[in-house]
file start02.csv (CSV, N, CA and C atoms)
chain,number,residue,atom,x,y,z
A,1,MET,N,3.8,-114.0,11.7
A,1,MET,CA,3.2,-115.3,11.9
A,1,MET,C,2.2,-115.3,13.0
A,2,SER,N,1.1,-116.0,12.8
A,2,SER,CA,0.1,-116.0,13.8
A,2,SER,C,0.4,-117.0,14.9
A,3,GLY,N,-0.5,-117.1,15.9
A,3,GLY,CA,-0.2,-118.0,17.0
A,3,GLY,C,-0.5,-119.5,16.7
A,4,GLN,N,-0.4,-120.2,17.8
A,4,GLN,CA,-0.6,-121.7,17.7
A,4,GLN,C,-2.1,-122.0,17.6
A,5,ALA,N,-2.4,-123.1,16.9
A,5,ALA,CA,-3.8,-123.5,16.7
A,5,ALA,C,-3.9,-125.0,16.7
A,6,HIS,N,-5.1,-125.5,16.8
A,6,HIS,CA,-5.4,-126.9,16.6
A,6,HIS,C,-6.2,-126.9,15.3
A,7,ALA,N,-6.1,-128.0,14.5
A,7,ALA,CA,-6.8,-128.1,13.3
A,7,ALA,C,-7.4,-129.5,13.1
A,8,ARG,N,-8.5,-129.5,12.5
A,8,ARG,CA,-9.2,-130.7,12.0
A,8,ARG,C,-9.3,-130.6,10.5
A,9,ILE,N,-8.7,-131.5,9.8
A,9,ILE,CA,-8.8,-131.5,8.4
A,9,ILE,C,-9.5,-132.7,7.9
A,10,LEU,N,-10.6,-132.6,7.2
A,10,LEU,CA,-11.4,-133.7,6.7
A,10,LEU,C,-11.1,-133.8,5.2
A,11,LEU,N,-10.7,-135.0,4.8
A,11,LEU,CA,-10.4,-135.3,3.4
A,11,LEU,C,-11.4,-136.3,2.9
A,12,THR,N,-12.0,-136.0,1.7
A,12,THR,CA,-12.8,-137.0,1.0
A,12,THR,C,-12.2,-137.4,-0.3
A,13,GLY,N,-12.7,-138.5,-0.8
A,13,GLY,CA,-12.2,-139.0,-2.1
A,13,GLY,C,-11.6,-140.4,-1.8
A,14,ASP,N,-10.7,-140.8,-2.7
A,14,ASP,CA,-10.1,-142.1,-2.6
A,14,ASP,C,-8.8,-141.9,-1.7
A,15,VAL,N,-9.0,-141.8,-0.4
A,15,VAL,CA,-8.0,-141.4,0.5
A,15,VAL,C,-7.6,-142.5,1.5
A,16,HIS,N,-8.0,-143.7,1.2
A,16,HIS,CA,-7.7,-144.8,2.2
A,16,HIS,C,-6.5,-145.7,1.9
A,17,SER,N,-5.6,-145.2,1.1
A,17,SER,CA,-4.4,-145.9,0.8
A,17,SER,C,-3.6,-146.1,2.2
A,18,ALA,N,-3.0,-147.2,2.4
A,18,ALA,CA,-2.3,-147.5,3.6
A,18,ALA,C,-1.1,-146.6,3.8
A,19,ASP,N,-0.5,-146.1,2.7
A,19,ASP,CA,0.7,-145.2,2.9
A,19,ASP,C,0.3,-143.7,3.2
A,20,PHE,N,-0.9,-143.4,3.0
A,20,PHE,CA,-1.3,-141.9,3.1
A,20,PHE,C,-1.1,-141.4,4.6
A,21,PRO,N,-1.5,-142.1,5.6
A,21,PRO,CA,-1.3,-141.6,7.0
A,21,PRO,C,0.2,-141.4,7.3
A,22,VAL,N,1.0,-142.3,6.8
A,22,VAL,CA,2.5,-142.2,7.0
A,22,VAL,C,3.0,-141.0,6.3
A,23,TRP,N,2.5,-140.8,5.0
A,23,TRP,CA,2.9,-139.6,4.2
A,23,TRP,C,2.5,-138.3,4.9
A,24,ILE,N,1.2,-138.3,5.5
A,24,ILE,CA,0.7,-137.1,6.2
A,24,ILE,C,1.6,-136.8,7.4
A,25,ASN,N,1.9,-137.8,8.2
A,25,ASN,CA,2.7,-137.6,9.4
A,25,ASN,C,4.1,-137.1,9.1
A,26,ARG,N,4.7,-137.6,8.0
A,26,ARG,CA,6.0,-137.2,7.6
A,26,ARG,C,6.0,-135.7,7.3
A,27,HIS,N,5.0,-135.3,6.5
A,27,HIS,CA,5.0,-133.9,6.0
A,27,HIS,C,4.6,-133.0,7.2
A,28,ALA,N,3.7,-133.4,8.0
A,28,ALA,CA,3.3,-132.6,9.2
A,28,ALA,C,4.5,-132.3,10.1
A,29,HIS,N,5.3,-133.3,10.3
A,29,HIS,CA,6.4,-133.1,11.2
A,29,HIS,C,7.5,-132.2,10.5
A,30,LYS,N,7.6,-132.3,9.2
A,30,LYS,CA,8.5,-131.4,8.5
A,30,LYS,C,8.1,-129.9,8.7
A,31,LEU,N,6.7,-129.7,8.8
A,31,LEU,CA,6.2,-128.4,9.0
A,31,LEU,C,6.2,-127.9,10.4
A,32,GLY,N,6.7,-128.8,11.3
A,32,GLY,CA,6.8,-128.4,12.7
A,32,GLY,C,5.5,-128.6,13.5
A,33,LEU,N,4.6,-129.4,13.0
A,33,LEU,CA,3.3,-129.7,13.6
A,33,LEU,C,3.5,-130.8,14.6
A,34,VAL,N,2.6,-130.8,15.7
A,34,VAL,CA,2.7,-131.8,16.7
A,34,VAL,C,1.3,-132.4,16.9
A,35,ARG,N,1.2,-133.4,17.7
A,35,ARG,CA,0.0,-134.1,18.0
A,35,ARG,C,-0.8,-134.4,16.7
A,36,VAL,N,-0.1,-135.0,15.8
A,36,VAL,CA,-0.7,-135.3,14.5
A,36,VAL,C,-1.3,-136.7,14.6
A,37,THR,N,-2.6,-136.8,14.3
A,37,THR,CA,-3.3,-138.1,14.2
A,37,THR,C,-4.1,-138.2,12.9
A,38,THR,N,-4.3,-139.4,12.4
A,38,THR,CA,-5.1,-139.6,11.3
A,38,THR,C,-6.1,-140.7,11.7
A,39,GLU,N,-7.4,-140.5,11.2
A,39,GLU,CA,-8.4,-141.5,11.6
A,39,GLU,C,-9.4,-141.6,10.4
A,40,ARG,N,-9.7,-142.9,10.0
A,40,ARG,CA,-10.7,-143.1,9.0
A,40,ARG,C,-12.0,-142.8,9.6
A,41,VAL,N,-12.8,-142.0,8.8
A,41,VAL,CA,-14.1,-141.7,9.2
A,41,VAL,C,-15.1,-142.0,8.1
A,42,GLU,N,-16.4,-142.0,8.3
A,42,GLU,CA,-17.3,-142.4,7.3
A,42,GLU,C,-17.1,-141.8,6.0
A,43,ASP,N,-16.9,-140.5,6.0
A,43,ASP,CA,-16.8,-139.7,4.7
A,43,ASP,C,-15.4,-139.7,4.1
A,44,GLY,N,-14.4,-140.2,4.8
A,44,GLY,CA,-13.0,-140.2,4.3
A,44,GLY,C,-11.9,-140.4,5.3
A,45,LEU,N,-11.1,-139.4,5.5
A,45,LEU,CA,-10.0,-139.4,6.4
A,45,LEU,C,-9.9,-138.1,7.2
A,46,GLN,N,-9.8,-138.2,8.5
A,46,GLN,CA,-9.7,-137.0,9.3
A,46,GLN,C,-8.3,-136.9,9.9
A,47,VAL,N,-7.7,-135.7,9.8
A,47,VAL,CA,-6.4,-135.4,10.3
A,47,VAL,C,-6.5,-134.4,11.4
A,48,ARG,N,-5.9,-134.6,12.5
A,48,ARG,CA,-5.8,-133.5,13.6
A,48,ARG,C,-4.4,-133.2,13.8
A,49,ALA,N,-4.1,-131.9,14.0
A,49,ALA,CA,-2.7,-131.5,14.3
A,49,ALA,C,-2.7,-130.2,15.0
A,50,SER,N,-1.6,-129.8,15.6
A,50,SER,CA,-1.5,-128.6,16.3
A,50,SER,C,-0.2,-127.9,15.9
A,51,GLY,N,-0.2,-126.6,15.8
A,51,GLY,CA,1.0,-125.9,15.5
A,51,GLY,C,0.7,-124.5,15.0
A,52,ALA,N,1.6,-123.9,14.3
A,52,ALA,CA,1.4,-122.5,13.7
A,52,ALA,C,0.3,-122.6,12.7
A,53,GLU,N,-0.6,-121.6,12.7
A,53,GLU,CA,-1.7,-121.7,11.8
A,53,GLU,C,-1.3,-121.7,10.3
A,54,GLU,N,-0.2,-121.0,10.0
A,54,GLU,CA,0.3,-121.0,8.6
A,54,GLU,C,0.7,-122.4,8.2
A,55,MET,N,1.3,-123.1,9.1
A,55,MET,CA,1.8,-124.5,8.8
A,55,MET,C,0.6,-125.5,8.7
A,56,LEU,N,-0.4,-125.2,9.5
A,56,LEU,CA,-1.6,-126.1,9.4
A,56,LEU,C,-2.3,-125.8,8.0
A,57,GLN,N,-2.3,-124.6,7.6
A,57,GLN,CA,-2.8,-124.3,6.2
A,57,GLN,C,-2.0,-125.0,5.2
A,58,ALA,N,-0.6,-124.9,5.4
A,58,ALA,CA,0.3,-125.6,4.4
A,58,ALA,C,0.0,-127.1,4.4
A,59,LEU,N,-0.2,-127.7,5.5
A,59,LEU,CA,-0.5,-129.1,5.6
A,59,LEU,C,-1.8,-129.4,4.8
A,60,ALA,N,-2.8,-128.6,5.0
A,60,ALA,CA,-4.1,-128.8,4.2
A,60,ALA,C,-3.8,-128.7,2.7
A,61,LEU,N,-3.0,-127.8,2.3
A,61,LEU,CA,-2.7,-127.7,0.9
A,61,LEU,C,-1.9,-128.9,0.4
A,62,GLY,N,-1.0,-129.3,1.2
A,62,GLY,CA,-0.2,-130.5,0.8
A,62,GLY,C,-1.0,-131.8,0.7
A,63,VAL,N,-1.9,-132.0,1.7
A,63,VAL,CA,-2.7,-133.2,1.6
A,63,VAL,C,-3.7,-133.2,0.5
A,64,SER,N,-4.0,-132.0,0.0
A,64,SER,CA,-5.0,-131.9,-1.1
A,64,SER,C,-4.3,-132.5,-2.3
A,65,LEU,N,-3.0,-132.4,-2.4
A,65,LEU,CA,-2.3,-132.9,-3.6
A,65,LEU,C,-1.9,-134.4,-3.3
A,66,GLY,N,-1.5,-134.7,-2.1
A,66,GLY,CA,-1.2,-136.1,-1.7
A,66,GLY,C,-0.2,-136.8,-2.5
A,67,PRO,N,0.1,-138.1,-2.1
A,67,PRO,CA,0.9,-138.9,-2.9
A,67,PRO,C,0.1,-139.5,-4.1
A,68,GLU,N,0.8,-140.2,-5.0
A,68,GLU,CA,0.2,-140.8,-6.2
A,68,GLU,C,-0.9,-141.8,-5.8
A,69,SER,N,-0.8,-142.4,-4.6
A,69,SER,CA,-1.7,-143.5,-4.2
A,69,SER,C,-3.1,-143.0,-3.8
A,70,VAL,N,-3.4,-141.7,-3.8
A,70,VAL,CA,-4.7,-141.2,-3.4
A,70,VAL,C,-5.2,-140.2,-4.4
A,71,LEU,N,-6.5,-140.0,-4.3
A,71,LEU,CA,-7.1,-138.9,-5.1
A,71,LEU,C,-8.1,-138.2,-4.2
A,72,VAL,N,-7.7,-137.0,-3.7
A,72,VAL,CA,-8.4,-136.2,-2.8
A,72,VAL,C,-9.4,-135.4,-3.6
A,73,ASP,N,-10.7,-135.5,-3.2
A,73,ASP,CA,-11.8,-134.7,-3.8
A,73,ASP,C,-12.0,-133.4,-3.1
A,74,THR,N,-12.1,-133.4,-1.8
A,74,THR,CA,-12.3,-132.1,-1.0
A,74,THR,C,-11.4,-132.1,0.2
A,75,VAL,N,-11.1,-130.9,0.7
A,75,VAL,CA,-10.4,-130.7,1.9
A,75,VAL,C,-11.1,-129.6,2.7
A,76,THR,N,-11.5,-130.0,3.9
A,76,THR,CA,-12.2,-129.0,4.8
A,76,THR,C,-11.3,-128.9,6.0
A,77,ILE,N,-10.9,-127.6,6.3
A,77,ILE,CA,-10.1,-127.4,7.5
A,77,ILE,C,-10.8,-126.5,8.5
A,78,THR,N,-10.8,-126.9,9.7
A,78,THR,CA,-11.4,-126.1,10.8
A,78,THR,C,-10.2,-125.9,11.8
A,79,THR,N,-10.0,-124.6,12.2
A,79,THR,CA,-8.9,-124.4,13.1
A,79,THR,C,-9.5,-123.6,14.4
A,80,GLU,N,-8.8,-123.8,15.5
A,80,GLU,CA,-9.2,-123.2,16.7
A,80,GLU,C,-7.9,-122.8,17.4
A,81,ALA,N,-7.9,-121.5,17.9
A,81,ALA,CA,-6.7,-121.0,18.6
A,81,ALA,C,-6.4,-121.8,19.8
A,82,CYS,N,-5.2,-122.1,20.2
A,82,CYS,CA,-4.8,-122.7,21.4
A,82,CYS,C,-5.0,-121.8,22.6
A,83,ALA,N,-5.4,-122.3,23.7
A,83,ALA,CA,-5.7,-121.5,24.8
A,83,ALA,C,-4.4,-121.2,25.6

call {"tool": "encode", "arguments": {"input": "start02.csv", "output": "structure tokens"}}
result
Amino acid sequence: MSGQAHARILLTGDVHSADFPVWINRHAHKLGLVRVTTERVEDGLQVRASGAEEMLQALALGVSLGPESVLVDTVTITTEACA
């Protein structure tokens, strides 16, 4: 397992369902991620989280599928190792 990292995940598509941030937070916490935030941005929805890099990648995969209320077109993840 690799070390701890911070991630920024940008989601585009029909991602503004009111239940999506709650869904993201629930799944992120199940993966052991911390400092999880979601924010609407011009292009879609931005998620920030910290934790094990493998779990951040798992979150990116999970949000790409999302709940039935969203349709994710693209997922872009940027990670940075924790100092």

call {"tool": "closest_residue", "arguments": {"input": "start02.csv", "among": "A:Ala18, A:Cys82, A:Ala49, A:Ile24", "to": "Val63 of chain A", "atoms": "only N, CA and C atoms"}}
result
A:Ile24

call {"tool": "closest_residue", "arguments": {"input": "start02.csv", "among": "A:Gly44, A:Arg8, A:Ser50, A:Leu31", "to": "Asp73 of chain A", "atoms": "only C-alpha atoms"}}
result
A:Gly44

call {"tool": "closest_residue", "arguments": {"input": "start02.csv", "among": "A:Ala5, A:Leu10, A:Ala28, A:Val15", "to": "Val75 of chain A", "atoms": "only C-alpha atoms"}}
result
A:Leu10

call {"tool": "select_by_dssp", "arguments": {"input": "start02.csv", "residues": "segment 26-73 of chain A", "states": "alpha helix (DSSP H)", "output": "number ranges by chain"}}
result
A: 26-30, 53-65

call {"tool": "select_by_dssp", "arguments": {"input": "start02.csv", "residues": "chain A", "states": "strand (DSSP E)", "output": "ChimeraX atom specification"}}
result
/A:4-14,34-41,44-52,71-81

call {"tool": "closest_residue", "arguments": {"input": "start02.csv", "among": "A:Asn25, A:Thr79, A:Glu39, A:Leu11", "to": "Glu53 of chain A", "atoms": "only N, CA and C atoms"}}
result
A:Thr79

call {"tool": "atom_distance", "arguments": {"input": "start02.csv", "atom1": "atom N of Lys30 of chain A", "atom2": "atom CA of Gly13 of chain A"}}
result
23.8 Å

call {"tool": "atom_distance", "arguments": {"input": "start02.csv", "atom1": "atom CA of Val34 of chain A", "atom2": "atom CA of Gly51 of chain A"}}
result
6.3 Å
